[in-house]
$ cat entry-v8.txt   # compact mmCIF, C-alpha atoms
# COMPACT_ATOMS: atom_id res chain seq x y z
CA MET L 1 121.28 79.03 90.62
CA THR L 2 120.20 76.65 93.36
CA THR L 3 117.64 77.70 95.94
CA PRO L 4 118.92 77.04 99.47
CA THR L 5 116.69 76.51 102.48
CA PRO L 6 115.69 79.77 104.22
CA LEU L 7 117.40 80.65 107.47
CA LEU L 8 114.09 81.05 109.33
CA SER L 9 110.47 80.22 108.50
CA VAL L 10 107.63 81.05 110.90
CA THR L 11 103.88 80.55 110.61
CA TRP L 12 101.62 82.36 113.10
CA THR L 13 97.93 81.79 113.80
CA ASP L 14 95.84 84.68 115.07
CA HIS L 15 94.08 83.61 118.27
CA VAL L 16 91.15 85.95 117.55
CA THR L 17 90.26 85.20 113.92
CA GLY L 18 92.19 82.02 113.15
CA ARG L 19 93.89 83.70 110.19
CA GLN L 20 97.52 82.90 109.52
CA GLY L 21 100.59 85.00 108.87
CA HIS L 22 104.08 84.03 107.78
CA LEU L 23 107.62 85.35 108.09
CA VAL L 24 110.54 84.00 106.09
CA ILE L 25 114.10 85.25 106.59
CA ASP L 26 116.03 83.96 103.60
CA ARG L 27 119.43 85.29 104.61
CA LEU L 28 121.02 87.76 107.02
CA VAL L 29 123.79 90.06 105.83
CA ARG L 30 125.43 92.15 108.54
CA GLY L 31 122.89 90.49 110.82
CA VAL L 32 119.85 92.08 109.17
CA ALA L 33 117.31 91.17 106.47
CA SER L 34 115.03 93.45 104.45
CA GLY L 35 111.61 92.77 102.93
CA GLY L 36 108.07 94.12 102.97
CA LEU L 37 104.90 92.81 104.56
CA ARG L 38 101.94 91.97 102.33
CA MET L 39 98.33 91.25 103.19
CA ARG L 40 96.04 89.39 100.85
CA ALA L 41 93.48 86.63 101.06
CA GLY L 42 95.14 83.34 100.16
CA CYS L 43 98.71 84.34 101.00
CA THR L 44 100.75 81.17 101.59
CA LEU L 45 104.05 80.20 103.15
CA ASP L 46 105.38 79.07 99.76
CA GLU L 47 104.55 82.50 98.33
CA VAL L 48 106.34 84.30 101.14
CA THR L 49 109.34 81.98 100.82
CA GLY L 50 109.70 82.81 97.14
CA LEU L 51 109.36 86.52 97.84
CA ALA L 52 112.02 86.36 100.58
CA ARG L 53 114.46 84.74 98.19
CA GLY L 54 113.66 87.45 95.68
CA MET L 55 114.54 90.08 98.27
CA THR L 56 117.99 88.55 98.77
CA MET L 57 118.47 88.86 95.03
CA LYS L 58 117.22 92.48 94.89
CA GLU L 59 119.61 93.49 97.64
CA ALA L 60 122.56 91.86 95.86
CA LEU L 61 121.67 93.42 92.49
CA HIS L 62 122.12 96.93 93.90
CA TYR L 63 125.45 96.22 95.57
CA ASP L 64 127.90 99.08 95.05
CA PRO L 65 131.11 98.84 97.12
CA GLU L 66 131.54 102.62 96.83
CA ALA L 67 128.10 103.43 98.29
CA ARG L 68 127.14 104.04 101.89
CA TYR L 69 124.31 101.56 101.52
CA ILE L 70 125.63 98.01 101.71
CA PRO L 71 123.12 95.22 100.95
CA LEU L 72 121.17 93.45 103.66
CA GLY L 73 119.75 89.94 103.52
CA GLY L 74 116.33 89.11 102.14
CA ALA L 75 113.09 88.46 104.03
CA LYS L 76 109.34 88.74 103.58
CA GLY L 77 106.18 88.73 105.63
CA GLY L 78 102.67 87.81 104.55
CA ILE L 79 99.23 87.70 106.15
CA ASP L 80 96.36 85.61 104.77
CA CYS L 81 93.61 88.21 105.06
CA ASP L 82 91.71 90.55 102.74
CA PRO L 83 93.00 94.05 103.60
CA ARG L 84 89.45 95.40 103.13
CA ASP L 85 88.11 93.07 105.84
CA PRO L 86 86.91 95.03 108.91
CA GLU L 87 89.10 92.78 111.08
CA ALA L 88 92.23 93.30 108.97
CA TYR L 89 93.81 96.07 111.05
CA GLY L 90 93.49 94.10 114.27
CA VAL L 91 95.06 91.08 112.58
CA LEU L 92 97.93 93.29 111.38
CA VAL L 93 98.60 94.67 114.87
CA ARG L 94 98.56 91.23 116.45
CA TYR L 95 100.85 89.85 113.73
CA LEU L 96 103.39 92.63 114.30
CA ARG L 97 103.17 92.13 118.05
CA ALA L 98 103.90 88.41 117.60
CA MET L 99 106.81 89.17 115.26
CA ARG L 100 108.18 91.98 117.42
CA PRO L 101 111.37 90.11 118.51
CA HIS L 102 112.29 89.49 114.87
CA ILE L 103 111.48 93.05 113.77
CA ALA L 104 113.41 94.53 116.69
CA CYS L 105 116.58 92.61 115.91
CA PHE L 106 116.67 91.10 112.42
CA TRP L 107 113.86 92.02 110.02
CA THR L 108 113.28 95.47 108.53
CA THR L 109 109.89 95.69 106.85
CA GLY L 110 107.42 98.10 105.27
CA GLU L 111 104.48 98.33 102.91
CA ASP L 112 103.78 95.75 100.26
CA LEU L 113 100.70 94.44 98.47
CA GLY L 114 97.52 95.35 100.37
CA LEU L 115 99.20 97.65 102.91
CA THR L 116 100.37 101.26 102.93
CA GLN L 117 103.38 102.51 104.85
CA ASP L 118 101.17 104.79 106.95
CA LEU L 119 99.13 101.77 108.04
CA VAL L 120 102.22 99.68 108.78
CA ASP L 121 103.71 102.54 110.83
CA ARG L 122 100.51 103.02 112.84
CA ALA L 123 100.13 99.31 113.52
CA ALA L 124 103.83 98.96 114.42
CA ALA L 125 103.52 101.71 117.02
CA GLU L 126 100.43 100.04 118.46
CA ALA L 127 102.32 96.75 118.59
CA GLY L 128 105.03 98.38 120.71
CA LEU L 129 107.73 98.78 118.07
CA VAL L 130 109.99 101.81 117.72
CA SER L 131 109.82 101.45 113.94
CA SER L 132 109.25 98.76 111.32
CA ILE L 133 112.91 99.22 110.28
CA GLN L 134 114.50 99.54 113.71
CA ALA L 135 116.71 96.47 113.19
CA VAL L 136 118.85 98.45 110.75
CA TYR L 137 119.47 101.38 113.11
CA PRO L 138 122.66 99.89 114.67
CA LEU L 139 124.24 99.88 111.20
CA LEU L 140 123.83 103.66 110.76
CA ASP L 141 126.64 106.12 111.38
CA ASP L 142 124.24 108.81 112.65
CA GLU L 143 120.85 107.31 113.49
CA ALA L 144 119.13 110.61 114.27
CA ALA L 145 120.22 112.24 111.03
CA ALA L 146 119.37 109.15 108.98
CA ARG L 147 115.89 108.86 110.47
CA ARG L 148 115.25 112.55 109.93
CA ARG L 149 116.41 112.28 106.31
CA LEU L 150 114.04 109.37 105.62
CA ALA L 151 111.13 111.12 107.35
CA ASP L 152 111.78 114.23 105.27
CA ALA L 153 111.82 112.11 102.10
CA PHE L 154 108.48 110.54 103.00
CA ALA L 155 107.06 114.05 103.40
CA VAL L 156 107.99 115.05 99.83
CA ASP L 157 104.98 115.38 97.53
CA VAL L 158 105.22 115.39 93.73
CA ASP L 159 102.05 116.57 92.02
CA GLY L 160 99.80 115.03 94.63
CA ILE L 161 101.66 111.74 95.16
CA GLY L 162 104.29 111.04 97.80
CA LEU L 163 107.89 110.43 96.80
CA ASP L 164 107.82 107.08 98.62
CA GLU L 165 104.97 105.93 96.34
CA LEU L 166 106.70 107.16 93.19
CA ALA L 167 110.17 105.67 93.70
CA GLY L 168 109.27 102.14 92.68
CA GLY L 169 107.24 103.24 89.66
CA CYS L 170 110.14 105.37 88.47
CA GLY L 171 112.29 102.24 88.49
CA VAL L 172 109.70 100.19 86.61
CA ALA L 173 109.28 102.91 84.00
CA GLU L 174 113.03 103.19 83.51
CA SER L 175 113.16 99.43 82.96
CA VAL L 176 110.56 99.80 80.19
CA LEU L 177 112.36 102.74 78.61
CA THR L 178 115.71 100.94 78.67
CA ALA L 179 114.21 97.95 76.86
CA LEU L 180 112.61 100.22 74.25
CA ASP L 181 115.82 102.18 73.72
CA ARG L 182 117.89 99.00 73.24
CA ALA L 183 115.37 97.82 70.64
CA GLY L 184 115.31 101.19 68.88
CA VAL L 185 111.59 101.64 69.55
CA PRO L 186 110.48 105.28 69.98
CA HIS L 187 108.62 106.19 73.16
CA ALA L 188 105.91 108.09 71.33
CA GLY L 189 103.32 105.69 69.97
CA THR L 190 104.34 102.80 72.23
CA ARG L 191 101.22 101.41 73.91
CA VAL L 192 101.10 100.15 77.49
CA ALA L 193 98.57 98.16 79.54
CA VAL L 194 98.88 98.11 83.34
CA GLN L 195 97.32 95.61 85.73
CA GLY L 196 96.90 97.23 89.13
CA PHE L 197 96.59 100.94 89.80
CA GLY L 198 97.84 101.15 93.36
CA THR L 199 101.22 102.43 94.48
CA MET L 200 103.36 100.64 91.89
CA GLY L 201 100.95 100.52 88.95
CA GLY L 202 99.78 104.08 89.33
CA ALA L 203 103.29 105.51 89.62
CA THR L 204 104.51 103.46 86.66
CA ALA L 205 101.62 104.69 84.52
CA ARG L 206 102.41 108.30 85.42
CA PHE L 207 106.11 108.05 84.53
CA LEU L 208 105.43 106.22 81.27
CA ALA L 209 102.73 108.68 80.21
CA ARG L 210 105.05 111.59 80.98
CA ALA L 211 107.77 109.90 78.91
CA GLY L 212 105.46 109.98 75.90
CA LEU L 213 104.05 106.45 75.95
CA THR L 214 100.31 105.84 75.58
CA VAL L 215 98.59 104.01 78.42
CA VAL L 216 95.70 102.22 76.70
CA ALA L 217 94.41 100.00 79.53
CA VAL L 218 94.38 99.96 83.33
CA ALA L 219 92.95 97.10 85.37
CA ASP L 220 91.74 97.25 88.97
CA VAL L 221 89.44 95.09 91.13
CA LYS L 222 86.37 96.38 89.26
CA GLY L 223 87.65 95.45 85.81
CA THR L 224 89.66 97.02 83.01
CA VAL L 225 89.36 100.62 81.82
CA ALA L 226 90.55 101.03 78.24
CA ASN L 227 90.88 103.60 75.51
CA PRO L 228 92.87 102.82 72.33
CA ALA L 229 93.58 106.55 71.93
CA GLY L 230 95.06 106.70 75.44
CA LEU L 231 93.71 107.12 78.97
CA ASP L 232 94.05 110.33 80.98
CA VAL L 233 96.41 108.88 83.58
CA GLU L 234 96.43 111.94 85.83
CA ALA L 235 92.62 112.03 85.94
CA LEU L 236 92.51 108.34 86.85
CA LEU L 237 95.15 108.82 89.56
CA ALA L 238 93.08 111.62 91.08
CA ALA L 239 89.99 109.38 91.02
CA ARG L 240 91.40 106.25 92.69
CA ASP L 241 90.87 105.19 96.30
CA ALA L 242 93.43 103.94 98.82
CA TYR L 243 93.35 100.47 97.24
CA GLY L 244 93.93 101.70 93.68
CA THR L 245 90.31 101.36 92.54
CA VAL L 246 89.27 104.01 90.02
CA ASP L 247 85.95 105.83 90.41
CA ARG L 248 84.22 105.13 87.12
CA ALA L 249 82.51 108.52 87.28
CA ALA L 250 85.86 110.01 86.24
CA LEU L 251 85.95 108.18 82.90
CA ARG L 252 85.92 110.32 79.74
CA GLU L 253 84.13 109.88 76.47
CA GLY L 254 85.96 107.12 74.62
CA ASP L 255 86.94 105.27 77.79
CA THR L 256 85.35 101.85 77.99
CA GLU L 257 84.81 99.36 80.82
CA LEU L 258 85.91 95.82 80.04
CA PRO L 259 86.26 92.57 82.05
CA GLY L 260 89.08 92.28 84.57
CA ASP L 261 91.31 90.11 82.39
CA ALA L 262 90.97 92.29 79.27
CA TRP L 263 94.31 93.97 80.00
CA LEU L 264 96.05 90.74 78.99
CA SER L 265 94.80 90.89 75.41
CA ALA L 266 95.01 94.68 75.05
CA ASP L 267 96.52 95.96 71.81
CA ALA L 268 99.69 97.02 73.59
CA ASP L 269 103.43 96.73 73.10
CA VAL L 270 104.16 96.51 76.83
CA LEU L 271 102.24 94.79 79.61
CA VAL L 272 102.98 95.81 83.19
CA PRO L 273 101.49 93.38 85.74
CA ALA L 274 101.63 95.51 88.90
CA ALA L 275 99.10 93.84 91.18
CA VAL L 276 99.09 90.24 92.40
CA SER L 277 101.43 87.27 92.13
CA TYR L 278 100.67 84.45 89.69
CA ALA L 279 98.59 86.67 87.38
CA ILE L 280 99.86 85.12 84.14
CA ASP L 281 99.66 81.35 83.78
CA ALA L 282 100.09 78.76 81.06
CA ASP L 283 96.51 79.22 79.89
CA ASN L 284 95.94 82.98 79.83
CA GLN L 285 99.37 83.77 78.40
CA ALA L 286 97.97 82.73 75.03
CA ALA L 287 95.94 85.95 74.93
CA ILE L 288 99.03 88.15 75.15
CA THR L 289 100.30 89.84 72.00
CA ALA L 290 102.60 92.41 73.62
CA ARG L 291 106.33 92.35 72.89
CA TRP L 292 107.42 92.92 76.50
CA ILE L 293 106.07 91.96 79.91
CA VAL L 294 107.62 94.07 82.65
CA GLU L 295 107.07 92.58 86.12
CA ALA L 296 106.22 95.42 88.48
CA ALA L 297 104.48 93.01 90.85
CA ASN L 298 106.29 90.20 92.64
CA MET L 299 106.15 86.84 90.84
CA PRO L 300 103.28 87.72 88.46
CA VAL L 301 104.35 85.32 85.68
CA LEU L 302 104.41 81.61 86.48
CA PRO L 303 107.49 79.72 85.23
CA GLU L 304 105.57 77.55 82.78
CA ALA L 305 103.94 80.68 81.34
CA GLU L 306 107.31 82.36 80.93
CA GLU L 307 108.62 79.39 78.96
CA LEU L 308 105.67 79.63 76.56
CA LEU L 309 105.98 83.41 76.27
CA THR L 310 109.71 83.18 75.56
CA ALA L 311 109.07 80.60 72.86
CA ARG L 312 106.68 83.08 71.24
CA GLY L 313 109.34 85.81 71.22
CA ILE L 314 107.91 87.78 74.15
CA THR L 315 110.50 89.15 76.59
CA VAL L 316 109.77 89.01 80.31
CA LEU L 317 111.76 91.51 82.37
CA PRO L 318 111.91 89.91 85.85
CA ASP L 319 110.55 91.37 89.06
CA VAL L 320 113.83 91.03 90.97
CA VAL L 321 115.25 93.67 88.65
CA VAL L 322 112.23 95.72 87.62
CA ASN L 323 110.66 96.52 91.00
CA SER L 324 113.88 96.66 93.01
CA ALA L 325 114.05 100.45 93.18
CA THR L 326 111.45 100.68 95.95
CA ASN L 327 113.64 98.81 98.40
CA ALA L 328 116.84 100.44 97.20
CA TRP L 329 115.40 103.95 97.48
CA TRP L 330 114.66 103.42 101.19
CA TRP L 331 118.24 102.42 101.91
CA TRP L 332 119.90 104.95 99.59
CA THR L 333 118.00 107.61 101.52
CA LEU L 334 118.47 106.22 105.02
CA PHE L 335 122.20 105.57 104.62
CA GLY L 336 122.77 108.95 102.94
CA ASP L 337 123.60 108.15 99.32
CA ILE L 338 120.81 110.55 98.33
CA GLY L 339 118.92 113.27 100.15
CA ALA L 340 115.23 113.98 100.70
CA ASP L 341 114.77 115.47 97.24
CA ALA L 342 112.58 114.16 94.41
CA ASP L 343 114.81 115.23 91.53
CA GLU L 344 117.88 113.71 93.16
CA ALA L 345 116.00 110.50 93.95
CA PHE L 346 114.59 110.09 90.45
CA ALA L 347 117.97 110.79 88.83
CA HIS L 348 119.68 108.21 91.06
CA ILE L 349 116.95 105.62 90.43
CA ARG L 350 117.10 106.16 86.68
CA ARG L 351 120.90 105.84 86.53
CA SER L 352 120.94 102.74 88.71
CA MET L 353 118.03 100.98 87.02
CA ARG L 354 119.23 101.73 83.49
CA ALA L 355 122.68 100.36 84.29
CA LEU L 356 121.19 97.26 85.91
CA VAL L 357 118.70 96.52 83.13
CA GLU L 358 121.39 97.11 80.49
CA GLN L 359 123.68 94.67 82.30
CA VAL L 360 121.00 92.00 82.55
CA LEU L 361 119.81 92.34 78.94
CA THR L 362 123.38 92.36 77.62
CA ARG L 363 124.19 89.21 79.56
CA ALA L 364 120.99 87.51 78.40
CA GLU L 365 121.83 88.32 74.78
CA ALA L 366 125.42 87.15 75.10
CA ASP L 367 124.46 83.90 76.85
CA GLY L 368 121.42 83.22 74.69
CA THR L 369 119.19 83.01 77.73
CA THR L 370 116.31 84.89 79.37
CA PRO L 371 116.65 88.11 81.38
CA ARG L 372 115.57 86.19 84.49
CA THR L 373 118.36 83.66 84.10
CA ALA L 374 120.80 86.46 83.39
CA ALA L 375 119.70 88.30 86.56
CA HIS L 376 120.25 85.12 88.56
CA GLY L 377 123.73 84.97 87.09
CA VAL L 378 124.51 88.51 88.18
CA VAL L 379 123.31 87.67 91.70
CA ALA L 380 125.38 84.48 91.77
CA ASP L 381 128.47 86.54 90.94
CA ARG L 382 127.81 89.12 93.66
CA LEU L 383 126.62 87.06 96.62
CA PRO L 384 130.00 85.46 97.41
CA VAL L 385 131.65 88.90 97.38
CA ILE L 386 129.02 90.29 99.75
CA ALA L 387 129.31 87.26 102.02
CA GLU L 388 133.09 87.50 102.19
CA ARG L 389 133.17 91.23 102.90
CA TYR L 390 130.19 91.72 105.18
CA GLY L 391 129.19 88.41 106.74
CA TRP L 392 126.56 85.95 105.62
CA TYR L 393 124.36 83.98 107.97
CA ALA L 394 122.53 81.07 106.38
$ encode --input "entry-v8.txt" --output "structure tokens"
Amino acid sequence: MTTPTPLLSVTWTDHVTGRQGHLVIDRLVRGVASGGLRMRAGCTLDEVTGLARGMTMKEALHYDPEARYIPLGGAKGGIDCDPRDPEAYGVLVRYLRAMRPHIACFWTTGEDLGLTQDLVDRAAAEAGLVSSIQAVYPLLDDEAAARRRLADAFAVDVDGIGLDELAGGCGVAESVLTALDRAGVPHAGTRVAVQGFGTMGGATARFLARAGLTVVAVADVKGTVANPAGLDVEALLAARDAYGTVDRAALREGDTELPGDAWLSADADVLVPAAVSYAIDADNQAAITARWIVEAANMPVLPEAEELLTARGITVLPDVVVNSATNAWWWWTLFGDIGADADEAFAHIRRSMRALVEQVLTRAEADGTTPRTAAHGVVADRLPVIAERYGWYA
């Protein structure tokens, strides 16, 4: 499908530090666009533009005309700053203050790479915003009840991790399990390597381990922790900091510390890149022996790498499908399709993600193409319907 020009593209320069931030609104549906805010050193406008387009696709993929939640448009924000920098919080507040007119009226945002929702909420309040998602409030039937339902959902804790952190990982894990089930591969004995152990990577590792898979490698900023017999995922989760870095003092006998890129060549059936964009390129893809790459991060596999991987018989499940449950869970909860309950949320995510992954893989098989191309085809079918029924501003 063709890639149209975004509706709005803004670059902001912080007057205090000189760092830059970007906002791209790809499309508005019902006058609103949805997409998180990331913070990382080196974040570019091109990166944010690609992510915004991906958000339009994620919204369309979860369109259900019978649901209360009707898709929004896609958007994304990005700040070129290391989130560990002492000046990072001030940069975040000033960015949100500068973007306040857009957030108030058009752009609903939340945590993404490098930021937590708690931090975004605190900075948004300091920047004078009612909420980072206040633009969607006029679309709600009962704003007070909807906001209370979402707040209650964010307060749900599941074995030490918040429901909001687990929703996306549940969707990634279900994507993996659907691919395994279609291929007739048993869960037990299937080996997984995960890059990134923050919100998405950590939650994915938990769900996969609890489904019977063996997590053999986990990579963070310090390197890769590996154990061919399987890592103790719960122990590692308990030993990580706010940025997903594991305290090496928690490692067990048999756990080894390897270089940061060792996760790529791990003896695993499934690789889950769940950290940064552009992690797998044309050069390092040669080290991969896994059968599936499941994109929990946004844009982790470069196009030229995906072509080479596909030619080697390795299936890449695309980010626009795999990590879409995080965004969808927010709106399912806010609009009232599900309540503030973990079991209900996980059941809804699993049903929705399994149906979506099945549809994409079936289409890819029938068309003789990749899952990414098939996902684009599904989006291309749905966008005109959404535009006709609910309004499309481009």
$ closest_atom_pairs --input "entry-v8.txt" --of "stretch 14-128 of chain L" --to "stretch 162-172 of chain L" --cutoff "12 Å" --atoms "only C-alpha atoms" --output "CSV"
residue,atom,partner,partner_atom,distance
L:Gly110,CA,L:Asp164,CA,11.2
L:Glu111,CA,L:Glu165,CA,10.1
L:Asp112,CA,L:Glu165,CA,11.0
L:Thr116,CA,L:Glu165,CA,9.3
L:Gln117,CA,L:Asp164,CA,8.9
L:Asp118,CA,L:Asp164,CA,10.9
$ residues_around --input "entry-v8.txt" --residues "L:Gly196" --least-positions-apart "6" --cutoff "9 Å" --atoms "only C-alpha atoms" --output "MDAnalysis selection string"
chainID L and resid 202 218:221 244:245 272:276 297
$ residues_around --input "entry-v8.txt" --residues "stretch 139-156 of chain L" --least-positions-apart "6" --cutoff "10 Å" --atoms "only C-alpha atoms" --output "JSON, numbers by chain"
{"L": [30, 31, 32, 68, 69, 70, 117, 162, 163, 164, 165, 329, 330, 331, 332, 333, 334, 335, 336, 338, 339, 340, 341, 342, 345]}
$ atom_distance --input "entry-v8.txt" --atom1 "atom CA of L:Ala375" --atom2 "atom CA of L:Ala296"
15.4 Å
$ closest_residue --input "entry-v8.txt" --among "L:Ser265, L:Thr204, L:Gln20, L:Thr190" --to "L:Ala226" --atoms "all atoms listed in the file"
L:Ser265
$ closest_residue --input "entry-v8.txt" --among "L:His15, L:Asn227, L:Asp232, L:Leu317" --to "L:Gly254" --atoms "only C-alpha atoms"
L:Asn227
$ decode --input "entry-v8.txt" --residues "stretch 16-25 of chain L" --atoms "all heavy atoms" --output "PDB file, in the first residue's frame"
ATOM      1  N   VAL L  16      16.235  25.236  26.406  1.00  0.00           N
ATOM      2  CA  VAL L  16      17.172  25.088  27.513  1.00  0.00           C
ATOM      3  C   VAL L  16      18.361  24.219  27.126  1.00  0.00           C
ATOM      4  O   VAL L  16      19.519  24.579  27.365  1.00  0.00           O
ATOM      5  CB  VAL L  16      16.463  24.497  28.752  1.00  0.00           C
ATOM      6  CG1 VAL L  16      17.466  24.269  29.894  1.00  0.00           C
ATOM      7  CG2 VAL L  16      15.339  25.425  29.210  1.00  0.00           C
ATOM      8  N   THR L  17      18.100  23.068  26.513  1.00  0.00           N
ATOM      9  CA  THR L  17      19.166  22.103  26.222  1.00  0.00           C
ATOM     10  C   THR L  17      19.532  22.007  24.746  1.00  0.00           C
ATOM     11  O   THR L  17      20.562  21.431  24.403  1.00  0.00           O
ATOM     12  CB  THR L  17      18.742  20.691  26.692  1.00  0.00           C
ATOM     13  OG1 THR L  17      17.611  20.266  25.909  1.00  0.00           O
ATOM     14  CG2 THR L  17      18.368  20.695  28.173  1.00  0.00           C
ATOM     15  N   GLY L  18      18.679  22.526  23.871  1.00  0.00           N
ATOM     16  CA  GLY L  18      18.908  22.397  22.440  1.00  0.00           C
ATOM     17  C   GLY L  18      18.463  21.069  21.863  1.00  0.00           C
ATOM     18  O   GLY L  18      18.573  20.842  20.653  1.00  0.00           O
ATOM     19  N   ARG L  19      17.954  20.165  22.709  1.00  0.00           N
ATOM     20  CA  ARG L  19      17.479  18.880  22.205  1.00  0.00           C
ATOM     21  C   ARG L  19      16.181  19.066  21.425  1.00  0.00           C
ATOM     22  O   ARG L  19      15.422  19.998  21.668  1.00  0.00           O
ATOM     23  CB  ARG L  19      17.277  17.904  23.360  1.00  0.00           C
ATOM     24  CG  ARG L  19      18.584  17.491  24.044  1.00  0.00           C
ATOM     25  CD  ARG L  19      18.316  16.463  25.117  1.00  0.00           C
ATOM     26  NE  ARG L  19      19.554  15.937  25.672  1.00  0.00           N
ATOM     27  CZ  ARG L  19      20.187  16.448  26.714  1.00  0.00           C
ATOM     28  NH1 ARG L  19      19.691  17.526  27.319  1.00  0.00           N
ATOM     29  NH2 ARG L  19      21.300  15.911  27.159  1.00  0.00           N
ATOM     30  N   GLN L  20      15.934  18.117  20.523  1.00  0.00           N
ATOM     31  CA  GLN L  20      14.760  18.226  19.679  1.00  0.00           C
ATOM     32  C   GLN L  20      13.724  17.149  20.000  1.00  0.00           C
ATOM     33  O   GLN L  20      14.061  16.059  20.466  1.00  0.00           O
ATOM     34  CB  GLN L  20      15.150  18.113  18.197  1.00  0.00           C
ATOM     35  CG  GLN L  20      15.897  19.338  17.678  1.00  0.00           C
ATOM     36  CD  GLN L  20      15.984  19.349  16.170  1.00  0.00           C
ATOM     37  OE1 GLN L  20      16.133  18.311  15.539  1.00  0.00           O
ATOM     38  NE2 GLN L  20      15.884  20.537  15.579  1.00  0.00           N
ATOM     39  N   GLY L  21      12.478  17.492  19.743  1.00  0.00           N
ATOM     40  CA  GLY L  21      11.374  16.549  19.845  1.00  0.00           C
ATOM     41  C   GLY L  21      10.503  16.665  18.611  1.00  0.00           C
ATOM     42  O   GLY L  21      10.519  17.693  17.917  1.00  0.00           O
ATOM     43  N   HIS L  22       9.755  15.609  18.325  1.00  0.00           N
ATOM     44  CA  HIS L  22       8.944  15.577  17.113  1.00  0.00           C
ATOM     45  C   HIS L  22       7.536  15.091  17.438  1.00  0.00           C
ATOM     46  O   HIS L  22       7.332  14.297  18.356  1.00  0.00           O
ATOM     47  CB  HIS L  22       9.564  14.632  16.078  1.00  0.00           C
ATOM     48  CG  HIS L  22      11.022  14.846  15.852  1.00  0.00           C
ATOM     49  ND1 HIS L  22      11.506  15.897  15.122  1.00  0.00           N
ATOM     50  CD2 HIS L  22      12.104  14.150  16.302  1.00  0.00           C
ATOM     51  CE1 HIS L  22      12.829  15.842  15.098  1.00  0.00           C
ATOM     52  NE2 HIS L  22      13.215  14.786  15.800  1.00  0.00           N
ATOM     53  N   LEU L  23       6.585  15.552  16.665  1.00  0.00           N
ATOM     54  CA  LEU L  23       5.214  15.041  16.691  1.00  0.00           C
ATOM     55  C   LEU L  23       4.764  14.864  15.258  1.00  0.00           C
ATOM     56  O   LEU L  23       4.901  15.781  14.438  1.00  0.00           O
ATOM     57  CB  LEU L  23       4.268  16.006  17.412  1.00  0.00           C
ATOM     58  CG  LEU L  23       2.763  15.750  17.195  1.00  0.00           C
ATOM     59  CD1 LEU L  23       2.354  14.389  17.737  1.00  0.00           C
ATOM     60  CD2 LEU L  23       1.924  16.865  17.816  1.00  0.00           C
ATOM     61  N   VAL L  24       4.245  13.683  14.951  1.00  0.00           N
ATOM     62  CA  VAL L  24       3.662  13.428  13.638  1.00  0.00           C
ATOM     63  C   VAL L  24       2.253  12.890  13.830  1.00  0.00           C
ATOM     64  O   VAL L  24       2.058  11.888  14.520  1.00  0.00           O
ATOM     65  CB  VAL L  24       4.495  12.423  12.821  1.00  0.00           C
ATOM     66  CG1 VAL L  24       3.791  12.107  11.493  1.00  0.00           C
ATOM     67  CG2 VAL L  24       5.889  12.977  12.553  1.00  0.00           C
ATOM     68  N   ILE L  25       1.279  13.586  13.264  1.00  0.00           N
ATOM     69  CA  ILE L  25      -0.094  13.084  13.201  1.00  0.00           C
ATOM     70  C   ILE L  25      -0.294  12.559  11.784  1.00  0.00           C
ATOM     71  O   ILE L  25      -0.318  13.328  10.824  1.00  0.00           O
ATOM     72  CB  ILE L  25      -1.119  14.171  13.546  1.00  0.00           C
ATOM     73  CG1 ILE L  25      -0.954  14.603  15.005  1.00  0.00           C
ATOM     74  CG2 ILE L  25      -2.549  13.659  13.300  1.00  0.00           C
ATOM     75  CD1 ILE L  25      -1.900  15.711  15.443  1.00  0.00           C
TER      76      ILE L  25
END
